[in-house]
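> Dropping in final05.cif, which is mmCIF, C-alpha atoms:
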data_work
loop_
_atom_site.group_PDB
_atom_site.id
_atom_site.type_symbol
_atom_site.label_atom_id
_atom_site.label_comp_id
_atom_site.auth_asym_id
_atom_site.auth_seq_id
_atom_site.Cartn_x
_atom_site.Cartn_y
_atom_site.Cartn_z
ATOM 1 C CA MET A 23 0.000 0.000 0.000
ATOM 2 C CA VAL A 24 1.426 3.358 -1.072
ATOM 3 C CA PHE A 25 0.942 6.305 1.268
ATOM 4 C CA ASP A 26 -0.318 9.403 -0.540
ATOM 5 C CA VAL A 27 1.701 12.402 0.629
ATOM 6 C CA ARG A 28 -1.090 14.696 -0.556
ATOM 7 C CA ARG A 29 -3.088 13.687 2.516
ATOM 8 C CA LEU A 30 -0.729 15.876 4.552
ATOM 9 C CA ASP A 31 -1.784 18.991 2.635
ATOM 10 C CA ILE A 32 -3.521 21.301 5.112
ATOM 11 C CA TYR A 33 -4.074 23.867 2.364
ATOM 12 C CA ARG A 34 -6.824 22.032 0.480
ATOM 13 C CA LYS A 35 -7.702 23.590 -2.851
ATOM 14 C CA VAL A 36 -11.239 24.485 -3.849
ATOM 15 C CA PRO A 37 -12.047 24.050 -7.559
ATOM 16 C CA LYS A 38 -12.705 27.306 -9.380
ATOM 17 C CA ASP A 39 -16.112 26.140 -10.559
ATOM 18 C CA LEU A 40 -17.189 25.990 -6.902
ATOM 19 C CA THR A 41 -16.271 29.617 -6.193
ATOM 20 C CA GLN A 42 -18.132 32.772 -7.105
ATOM 21 C CA PRO A 43 -16.377 36.082 -7.921
ATOM 22 C CA THR A 44 -18.155 39.296 -6.962
ATOM 23 C CA TYR A 45 -17.636 43.002 -7.605
ATOM 24 C CA THR A 46 -17.553 43.600 -3.864
ATOM 25 C CA GLY A 47 -14.827 41.000 -3.456
ATOM 26 C CA ALA A 48 -12.825 42.616 -6.249
ATOM 27 C CA VAL A 49 -13.037 46.039 -4.578
ATOM 28 C CA VAL A 50 -12.068 44.589 -1.195
ATOM 29 C CA SER A 51 -9.159 42.718 -2.823
ATOM 30 C CA ILE A 52 -7.817 45.849 -4.506
ATOM 31 C CA ILE A 53 -8.049 47.855 -1.285
ATOM 32 C CA CYS A 54 -6.429 44.958 0.574
ATOM 33 C CA CYS A 55 -3.466 44.821 -1.851
ATOM 34 C CA VAL A 56 -2.918 48.602 -1.733
ATOM 35 C CA PHE A 57 -3.055 48.549 2.056
ATOM 36 C CA MET A 58 -0.578 45.656 2.244
ATOM 37 C CA LEU A 59 1.780 47.424 -0.164
ATOM 38 C CA PHE A 60 1.682 50.575 1.961
ATOM 39 C CA LEU A 61 2.430 48.651 5.162
ATOM 40 C CA PHE A 62 5.167 46.649 3.443
ATOM 41 C CA LEU A 63 6.934 49.791 2.209
ATOM 42 C CA SER A 64 6.629 51.374 5.662
ATOM 43 C CA GLU A 65 8.171 48.329 7.303
ATOM 44 C CA LEU A 66 10.881 48.106 4.627
ATOM 45 C CA LYS A 67 11.826 51.737 5.245
ATOM 46 C CA GLY A 68 12.039 51.057 8.972
ATOM 47 C CA PHE A 69 14.142 47.934 8.367
ATOM 48 C CA ILE A 70 16.632 49.748 6.136
ATOM 49 C CA ALA A 71 16.863 52.820 8.374
ATOM 50 C CA THR A 72 19.329 52.910 11.262
ATOM 51 C CA GLU A 73 18.005 53.613 14.731
ATOM 52 C CA ILE A 74 20.205 55.418 17.232
ATOM 53 C CA VAL A 75 19.723 54.417 20.860
ATOM 54 C CA ASN A 76 21.290 56.448 23.657
ATOM 55 C CA GLU A 77 22.091 55.489 27.221
ATOM 56 C CA LEU A 78 23.831 56.969 30.241
ATOM 57 C CA TYR A 79 26.325 55.278 32.529
ATOM 58 C CA VAL A 80 29.189 56.119 34.888
ATOM 59 C CA ASP A 81 32.576 55.214 33.418
ATOM 60 C CA ASP A 82 35.646 56.506 31.615
ATOM 61 C CA PRO A 83 34.929 55.216 28.091
ATOM 62 C CA ASP A 84 38.253 55.992 26.405
ATOM 63 C CA LYS A 85 40.649 54.135 28.698
ATOM 64 C CA ASN A 86 43.314 53.978 25.980
ATOM 65 C CA SER A 87 43.684 57.744 25.782
ATOM 66 C CA GLY A 88 46.272 57.858 28.550
ATOM 67 C CA GLY A 89 44.129 60.215 30.592
ATOM 68 C CA LYS A 90 44.250 62.874 27.849
ATOM 69 C CA ILE A 91 41.597 64.751 25.892
ATOM 70 C CA ASP A 92 42.257 66.263 22.471
ATOM 71 C CA VAL A 93 41.197 69.897 22.139
ATOM 72 C CA SER A 94 40.705 71.920 18.964
ATOM 73 C CA LEU A 95 40.498 75.711 19.322
ATOM 74 C CA ASN A 96 39.942 78.339 16.632
ATOM 75 C CA ILE A 97 39.486 81.939 17.766
ATOM 76 C CA SER A 98 39.872 85.371 16.146
ATOM 77 C CA LEU A 99 41.036 88.487 18.000
ATOM 78 C CA PRO A 100 40.673 91.261 15.397
ATOM 79 C CA ASN A 101 42.361 93.929 17.547
ATOM 80 C CA LEU A 102 45.331 92.087 19.046
ATOM 81 C CA HIS A 103 48.647 91.534 17.238
ATOM 82 C CA CYS A 104 49.782 87.939 16.736
ATOM 83 C CA ASP A 105 53.052 88.598 18.608
ATOM 84 C CA LEU A 106 51.000 89.190 21.755
ATOM 85 C CA VAL A 107 48.644 86.222 21.507
ATOM 86 C CA GLY A 108 49.505 83.100 23.490
ATOM 87 C CA LEU A 109 47.900 79.986 24.928
ATOM 88 C CA ASP A 110 48.457 78.961 28.548
ATOM 89 C CA ILE A 111 47.418 75.612 30.058
ATOM 90 C CA GLN A 112 47.203 74.603 33.705
ATOM 91 C CA ASP A 113 45.362 71.984 35.735
ATOM 92 C CA GLU A 114 45.114 70.296 39.138
ATOM 93 C CA MET A 115 47.820 67.747 38.258
ATOM 94 C CA GLY A 116 50.404 70.517 38.432
ATOM 95 C CA ARG A 117 50.650 71.293 34.761
ATOM 96 C CA HIS A 118 51.431 74.956 34.138
ATOM 97 C CA GLU A 119 52.436 75.770 30.592
ATOM 98 C CA VAL A 120 52.750 79.370 29.411
ATOM 99 C CA GLY A 121 52.876 80.112 25.690
ATOM 100 C CA HIS A 122 51.956 76.691 24.303
ATOM 101 C CA ILE A 123 53.025 76.597 20.640
ATOM 102 C CA ASP A 124 52.888 72.916 19.546
ATOM 103 C CA ASN A 125 50.394 72.229 16.717
ATOM 104 C CA SER A 126 49.278 75.865 16.702
ATOM 105 C CA MET A 127 49.120 78.545 14.062
ATOM 106 C CA LYS A 128 48.666 82.311 14.123
ATOM 107 C CA VAL A 129 47.170 84.028 11.072
ATOM 108 C CA PRO A 130 47.361 87.853 10.884
ATOM 109 C CA LEU A 131 44.053 89.699 10.428
ATOM 110 C CA ASN A 132 43.161 93.304 9.601
ATOM 111 C CA HIS A 133 46.515 94.069 7.945
ATOM 112 C CA GLY A 134 48.432 92.648 10.913
ATOM 113 C CA HIS A 135 46.453 94.437 13.620
ATOM 114 C CA GLY A 136 44.509 91.321 14.542
ATOM 115 C CA CYS A 137 45.114 87.597 14.817
ATOM 116 C CA ARG A 138 43.364 84.277 14.352
ATOM 117 C CA PHE A 139 44.717 81.576 16.627
ATOM 118 C CA GLU A 140 44.260 77.928 15.660
ATOM 119 C CA GLY A 141 45.577 75.218 17.900
ATOM 120 C CA GLU A 142 45.273 71.525 18.688
ATOM 121 C CA PHE A 143 46.518 70.328 22.066
ATOM 122 C CA THR A 144 45.709 67.888 24.857
ATOM 123 C CA ILE A 145 44.484 68.399 28.384
ATOM 124 C CA ASN A 146 44.465 66.017 31.325
ATOM 125 C CA LYS A 147 41.217 64.454 32.513
ATOM 126 C CA VAL A 148 41.200 66.580 35.656
ATOM 127 C CA PRO A 149 39.727 70.039 36.371
ATOM 128 C CA GLY A 150 41.820 72.857 34.969
ATOM 129 C CA ASN A 151 41.832 75.679 32.476
ATOM 130 C CA PHE A 152 43.440 76.973 29.325
ATOM 131 C CA HIS A 153 43.342 80.597 28.339
ATOM 132 C CA VAL A 154 44.240 82.901 25.493
ATOM 133 C CA SER A 155 46.136 85.907 26.804
ATOM 134 C CA THR A 156 49.218 88.123 26.473
ATOM 135 C CA HIS A 157 50.927 86.449 29.455
ATOM 136 C CA SER A 158 53.622 84.879 27.257
ATOM 137 C CA ALA A 159 54.451 88.100 25.391
ATOM 138 C CA THR A 160 57.897 89.602 25.897
ATOM 139 C CA ALA A 161 56.424 93.002 26.636
ATOM 140 C CA GLN A 162 52.887 93.539 27.858
ATOM 141 C CA PRO A 163 50.784 95.998 25.816
ATOM 142 C CA GLN A 164 49.280 99.032 27.513
ATOM 143 C CA SER A 165 45.714 98.362 26.405
ATOM 144 C CA PRO A 166 45.241 94.796 25.171
ATOM 145 C CA ASP A 167 41.945 94.333 23.320
ATOM 146 C CA MET A 168 40.369 90.961 24.070
ATOM 147 C CA THR A 169 37.262 91.300 21.900
ATOM 148 C CA HIS A 170 36.965 88.060 19.988
ATOM 149 C CA VAL A 171 34.949 85.582 17.967
ATOM 150 C CA ILE A 172 35.142 81.855 18.735
ATOM 151 C CA HIS A 173 34.865 79.797 15.571
ATOM 152 C CA LYS A 174 35.398 76.412 17.147
ATOM 153 C CA LEU A 175 36.032 74.764 20.479
ATOM 154 C CA ALA A 176 35.711 70.986 20.358
ATOM 155 C CA PHE A 177 36.975 68.036 22.380
ATOM 156 C CA GLY A 178 37.839 64.534 21.204
ATOM 157 C CA GLU A 179 37.030 63.050 17.804
ATOM 158 C CA LYS A 180 34.809 64.915 15.394
ATOM 159 C CA LEU A 181 31.335 63.409 15.096
ATOM 160 C CA GLN A 182 29.218 64.187 12.053
ATOM 161 C CA VAL A 183 26.170 61.991 12.451
ATOM 162 C CA GLN A 184 22.875 63.250 11.112
ATOM 163 C CA ASN A 185 20.612 61.870 13.846
ATOM 164 C CA VAL A 186 22.836 62.824 16.772
ATOM 165 C CA GLN A 187 22.113 66.277 18.119
ATOM 166 C CA GLY A 188 24.541 67.450 20.759
ATOM 167 C CA ALA A 189 26.615 70.363 22.022
ATOM 168 C CA PHE A 190 29.927 69.243 20.501
ATOM 169 C CA ASN A 191 30.807 72.819 19.530
ATOM 170 C CA ALA A 192 28.648 74.800 21.923
ATOM 171 C CA LEU A 193 30.836 77.906 21.733
ATOM 172 C CA GLY A 194 31.097 77.915 17.944
ATOM 173 C CA GLY A 195 29.990 81.326 16.687
ATOM 174 C CA ALA A 196 30.266 83.082 20.057
ATOM 175 C CA ASP A 197 30.726 86.791 19.254
ATOM 176 C CA ARG A 198 32.221 89.168 21.835
ATOM 177 C CA LEU A 199 33.231 91.968 19.465
ATOM 178 C CA VAL A 200 31.059 94.589 21.179
ATOM 179 C CA SER A 201 32.211 93.784 24.723
ATOM 180 C CA ASN A 202 34.604 95.882 26.825
ATOM 181 C CA PRO A 203 38.053 95.590 25.149
ATOM 182 C CA LEU A 204 39.793 95.413 28.548
ATOM 183 C CA ALA A 205 37.424 92.820 29.990
ATOM 184 C CA SER A 206 38.386 89.250 30.788
ATOM 185 C CA HIS A 207 36.018 86.491 29.711
ATOM 186 C CA ASP A 208 35.367 83.374 31.744
ATOM 187 C CA TYR A 209 33.819 80.363 29.991
ATOM 188 C CA ILE A 210 32.855 77.697 32.516
ATOM 189 C CA LEU A 211 32.677 74.325 30.746
ATOM 190 C CA LYS A 212 31.159 71.063 31.928
ATOM 191 C CA ILE A 213 32.580 68.364 29.665
ATOM 192 C CA VAL A 214 30.508 65.204 29.112
ATOM 193 C CA PRO A 215 32.247 62.113 27.633
ATOM 194 C CA THR A 216 30.382 60.791 24.595
ATOM 195 C CA VAL A 217 30.728 57.456 22.777
ATOM 196 C CA TYR A 218 29.317 56.683 19.335
ATOM 197 C CA GLU A 219 29.182 53.032 18.253
ATOM 198 C CA ASP A 220 28.244 52.207 14.658
ATOM 199 C CA LEU A 221 26.718 49.014 13.277
ATOM 200 C CA SER A 222 30.141 47.394 12.844
ATOM 201 C CA GLY A 223 30.905 47.908 16.537
ATOM 202 C CA LYS A 224 33.544 50.586 15.942
ATOM 203 C CA GLN A 225 33.557 53.232 18.651
ATOM 204 C CA ARG A 226 34.418 56.918 18.378
ATOM 205 C CA PHE A 227 35.094 59.016 21.455
ATOM 206 C CA SER A 228 34.060 62.629 21.617
ATOM 207 C CA TYR A 229 32.941 65.112 24.241
ATOM 208 C CA GLN A 230 29.951 67.386 24.527
ATOM 209 C CA TYR A 231 29.942 70.333 26.879
ATOM 210 C CA THR A 232 27.700 72.911 28.437
ATOM 211 C CA VAL A 233 28.921 76.442 28.962
ATOM 212 C CA ALA A 234 28.271 79.460 31.166
ATOM 213 C CA ASN A 235 30.183 82.699 30.816
ATOM 214 C CA LYS A 236 30.862 85.939 32.617
ATOM 215 C CA GLU A 237 32.716 89.124 31.745
ATOM 216 C CA TYR A 238 34.708 91.231 34.197
ATOM 217 C CA VAL A 239 37.699 93.568 34.496
ATOM 218 C CA ALA A 240 40.623 91.989 36.369
ATOM 219 C CA TYR A 241 43.609 93.853 37.826
ATOM 220 C CA SER A 242 47.065 92.385 38.461
ATOM 221 C CA HIS A 243 49.016 92.890 41.698
ATOM 222 C CA THR A 244 50.684 95.902 40.077
ATOM 223 C CA GLY A 245 47.346 97.511 39.364
ATOM 224 C CA ARG A 246 47.481 96.927 35.616
ATOM 225 C CA ILE A 247 44.609 95.436 33.664
ATOM 226 C CA ILE A 248 45.716 92.225 31.959
ATOM 227 C CA PRO A 249 42.629 90.657 30.356
ATOM 228 C CA ALA A 250 42.412 87.059 29.177
ATOM 229 C CA ILE A 251 39.938 84.611 27.680
ATOM 230 C CA TRP A 252 39.593 81.752 30.163
ATOM 231 C CA TYR A 253 38.177 78.305 29.517
ATOM 232 C CA ARG A 254 37.722 76.643 32.902
ATOM 233 C CA TYR A 255 36.644 73.034 32.571
ATOM 234 C CA ASP A 256 35.531 70.122 34.678
ATOM 235 C CA LEU A 257 34.555 66.614 33.595
ATOM 236 C CA SER A 258 31.208 64.970 34.236
ATOM 237 C CA PRO A 259 31.315 61.386 35.577
ATOM 238 C CA ILE A 260 28.313 60.549 33.371
ATOM 239 C CA THR A 261 29.021 59.158 29.904
ATOM 240 C CA VAL A 262 26.553 59.420 27.026
ATOM 241 C CA LYS A 263 26.596 56.518 24.576
ATOM 242 C CA TYR A 264 24.945 56.486 21.154
ATOM 243 C CA THR A 265 24.552 53.070 19.524
ATOM 244 C CA GLU A 266 23.464 52.371 15.957
ATOM 245 C CA LYS A 267 20.931 49.552 15.757
ATOM 246 C CA ARG A 268 18.976 48.002 12.923
ATOM 247 C CA GLN A 269 15.867 45.854 13.103
ATOM 248 C CA PRO A 270 16.847 42.154 12.845
ATOM 249 C CA LEU A 271 15.817 40.263 9.702
ATOM 250 C CA TYR A 272 13.686 37.714 11.562
ATOM 251 C CA ARG A 273 11.602 40.490 13.095
ATOM 252 C CA PHE A 274 11.116 42.106 9.685
ATOM 253 C CA ILE A 275 9.969 38.789 8.175
ATOM 254 C CA THR A 276 7.643 38.165 11.135
ATOM 255 C CA THR A 277 6.099 41.608 10.734
ATOM 256 C CA ILE A 278 5.572 41.126 6.980
ATOM 257 C CA CYS A 279 3.903 37.759 7.585
ATOM 258 C CA ALA A 280 1.673 39.336 10.224
ATOM 259 C CA ILE A 281 0.748 42.146 7.813
ATOM 260 C CA ILE A 282 -0.137 39.753 4.987
ATOM 261 C CA GLY A 283 -1.984 37.243 7.149
ATOM 262 C CA GLY A 284 -3.794 39.848 9.219
ATOM 263 C CA THR A 285 -4.849 41.895 6.204
ATOM 264 C CA PHE A 286 -6.159 38.864 4.321
ATOM 265 C CA THR A 287 -8.055 37.670 7.386
ATOM 266 C CA VAL A 288 -9.683 41.033 8.082
ATOM 267 C CA ALA A 289 -10.450 41.564 4.399
ATOM 268 C CA GLY A 290 -12.002 38.079 4.220
ATOM 269 C CA ILE A 291 -14.210 38.802 7.226
ATOM 270 C CA ILE A 292 -15.334 42.109 5.695
ATOM 271 C CA ASP A 293 -16.027 40.516 2.322
ATOM 272 C CA SER A 294 -17.888 37.630 3.939
ATOM 273 C CA CYS A 295 -20.056 40.021 5.956
ATOM 274 C CA ILE A 296 -20.862 42.090 2.874
ATOM 275 C CA PHE A 297 -21.619 38.994 0.789
ATOM 276 C CA THR A 298 -23.841 37.476 3.496
ATOM 277 C CA ALA A 299 -25.723 40.731 3.934
ATOM 278 C CA SER A 300 -26.149 41.042 0.163
ATOM 279 C CA GLU A 301 -27.492 37.506 -0.158
ATOM 280 C CA ALA A 302 -29.876 38.081 2.737
ATOM 281 C CA TRP A 303 -31.134 41.270 1.134
ATOM 282 C CA LYS A 304 -31.721 39.458 -2.167
ATOM 283 C CA LYS A 305 -33.763 36.779 -0.387
ATOM 284 C CA ILE A 306 -35.847 39.440 1.303
ATOM 285 C CA GLN A 307 -36.515 41.131 -2.036
ATOM 286 C CA ILE A 308 -37.457 37.788 -3.657
ATOM 287 C CA GLY A 309 -39.773 37.064 -0.744
ATOM 288 C CA LYS A 310 -41.513 40.377 -1.194
ATOM 289 C CA MET A 311 -41.939 39.802 -4.943
ATOM 290 C CA SER A 312 -43.424 36.328 -4.401
#
Can the structure from this file be put into structure tokens for me?

Amino acid sequence: MVFDVRRLDIYRKVPKDLTQPTYTGAVVSIICCVFMLFLFLSELKGFIATEIVNELYVDDPDKNSGGKIDVSLNISLPNLHCDLVGLDIQDEMGRHEVGHIDNSMKVPLNHGHGCRFEGEFTINKVPGNFHVSTHSATAQPQSPDMTHVIHKLAFGEKLQVQNVQGAFNALGGADRLVSNPLASHDYILKIVPTVYEDLSGKQRFSYQYTVANKEYVAYSHTGRIIPAIWYRYDLSPITVKYTEKRQPLYRFITTICAIIGGTFTVAGIIDSCIFTASEAWKKIQIGKMS
């Protein structure tokens, strides 16, 4: 005796001559297909798109940095000669560097009367400050003009990710050209470590920061006014992590199956209800005619 494998078919076929097509069923079918196509395209867009999830935790994410943070500074002082402009760095680990010149550049502005300072340097992961001043100049000017425009102040690696909004260059565009020329400027920075992890698992380490500022006139012990542009910083123990994630394939397939099955089921119920109601109405009309 030969076992017929067709007995295992749970999807039994109904001959076409036993089925009846209707205009209502055609309309429901068309609407059903359009609706399924819309949901499929929506799910496909969500599957292709990358989702960015953020979380907070307490840790030092970049342990291989040697306790250093890269800093990039670009500032213009339109009324201070380049020979007078200098960068000083100091922190709570005892670092005190006056006139830092490594990886820095001074570009004359306003026919040599002003200066744009561009520098890249490192700071220790402890509270401290760096400031632009005339402290390293051989001879101090009588009336140093510290009006300035900050083009860029950024920490760590540069992040250019469309869906990540953060204060990675919070002071970019800060304009102090109309302030008191002899005033010192204090920018109080709270630096927040930030990690960005892409789909491949590669991590990039950057830093966001918040800023508060004040302006004041400071006198030295000799009674002279020696203004400076101070950046006083402290690090937050909280780390922000952004992680790229994509919907797994199995979930996408499950959703598509649910869309197709659910839409066909609901459409079948609607069509069946309409057909039953139509047949009942025809019987009522026939009964009235007889």
> Starting from the PyMOL selection byres ((chain A and resi 159) around 12), expand the selection into actual residues of this file and give them as an NGL selection string.
:A and (102-110 or 120-122 or 154-158 or 160-163 or 166 or 248)
> Counting all atoms listed in the file, which of A:Tyr255, A:Cys137, A:Cys54, A:Gly178 gets nearest to Gly150 (chain A)?
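Ranked by minimum distance to Gly150 (chain A), first place goes to A:Tyr255.
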> Identify which of the residues A:Arg198, A:Lys212, A:Lys147, A:Lys35 lies closest to Val171 (chain A), counting all atoms listed in the file when measuring atom-to-atom distances.
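Of A:Arg198, A:Lys212, A:Lys147, A:Lys35, the one nearest Val171 (chain A), counting all atoms listed in the file, is A:Arg198.
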> Nearest residue to Glu237 (chain A) out of A:Ala192, A:Leu99, A:Met168, A:Leu271, using only C-alpha atoms?
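Smallest distance to Glu237 (chain A) is found for A:Met168.
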> For a quick check of understanding, using all atoms listed in the file, which of A:Ile91, A:Asn96, A:Ile123, A:Gly283 has the smallest distance to Ala196 (chain A)?
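Closest candidate: A:Asn96.
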> Here is a test: counting only C-alpha atoms, which residue of A:Glu119, A:Glu114, A:Asp167, A:Glu142 is nearest to Asn202 (chain A)?
A:Asp167
> Hey, could you pull the box centre and edge lengths for region 187-192 of chain A, axis-aligned, 6 Å padding per side, all listed atoms, to one decimal in Å, as AutoDock Vina command-line options?

--center_x 26.5 --center_y 70.5 --center_z 20.1 --size_x 20.7 --size_y 20.5 --size_z 15.9
> Which is closest to Glu266 (chain A) among A:Lys224, A:Lys85, A:His133, A:Arg34, if we use only C-alpha atoms?
A:Lys224
> Fewer than 4 positions away in the same chain doesn't count, so skip those; otherwise give me all residues within 7 Å of Gly141 (chain A), counting all atoms listed in the file, as a ChimeraX atom specification.
/A:94-96,125-127
> Running the PyMOL selection byres ((chain A and resi 62) around 10) on this model by hand, what would come out? Give it as JSON, numbers by chain.
{"A": [56, 57, 58, 59, 60, 61, 63, 64, 65, 66, 67, 68, 274, 277, 278, 279, 281, 282]}
> Neighbourhood query: residues within 7 Å of (29.2, 57.5, 30.2), file coordinates, counting only C-alpha atoms; return as a count of residues only.
13
> For the structure provided, state which residues fall under the PyMOL selection byres ((chain A and resi 113) around 7), and present them as an mmCIF file with C-alpha atoms, keeping the file's coordinate frame.

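Saved result, expr.cif, follows:
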data_model
loop_
_atom_site.group_PDB
_atom_site.id
_atom_site.type_symbol
_atom_site.label_atom_id
_atom_site.label_comp_id
_atom_site.auth_asym_id
_atom_site.auth_seq_id
_atom_site.Cartn_x
_atom_site.Cartn_y
_atom_site.Cartn_z
ATOM 1 C CA GLN A 112 47.203 74.603 33.705
ATOM 2 C CA GLU A 114 45.114 70.296 39.138
ATOM 3 C CA MET A 115 47.820 67.747 38.258
ATOM 4 C CA GLY A 116 50.404 70.517 38.432
ATOM 5 C CA ARG A 117 50.650 71.293 34.761
ATOM 6 C CA HIS A 118 51.431 74.956 34.138
ATOM 7 C CA VAL A 148 41.200 66.580 35.656
ATOM 8 C CA PRO A 149 39.727 70.039 36.371
ATOM 9 C CA GLY A 150 41.820 72.857 34.969
ATOM 10 C CA ASN A 151 41.832 75.679 32.476
#
> For a test of reading the model, state the distance in Å between CA of Glu77 (chain A) and CA of Gln187 (chain A), rounded to one decimal.
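So the answer is 14.1 Å.
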> Record the distance separating CA of Glu140 (chain A) and CA of Phe177 (chain A), expressed in Å with one decimal.
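These two atoms are separated by 14.0 Å.
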> Fewer than 5 positions away in the same chain doesn't count, so skip those; otherwise give me all residues within 6 Å of Tyr231 (chain A), counting all atoms listed in the file, as a list of chain:residue names.
A:Ala189, A:Lys212, A:Ile213, A:Val214
> Could you please determine the separation between CA of Asn132 (chain A) and CA of His153 (chain A) in Å, to one decimal place?
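Computing the Euclidean distance for CA of Asn132 (chain A) and CA of His153 (chain A) yields 22.6 Å.
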> For Ala234 (chain A), list every protein, DNA or RNA residue within 9 Å, evaluated using only C-alpha atoms, and leave out those in the same chain fewer than 3 positions away; present the list as a PDB file with C-alpha atoms, in the frame of the given file.

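What follows is the written file result_28.pdb:
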ATOM      1  CA  ASP A 208      35.367  83.374  31.744  1.00  0.00           C
ATOM      2  CA  TYR A 209      33.819  80.363  29.991  1.00  0.00           C
ATOM      3  CA  ILE A 210      32.855  77.697  32.516  1.00  0.00           C
ATOM      4  CA  LEU A 211      32.677  74.325  30.746  1.00  0.00           C
ATOM      5  CA  LYS A 212      31.159  71.063  31.928  1.00  0.00           C
TER       6      LYS A 212
END
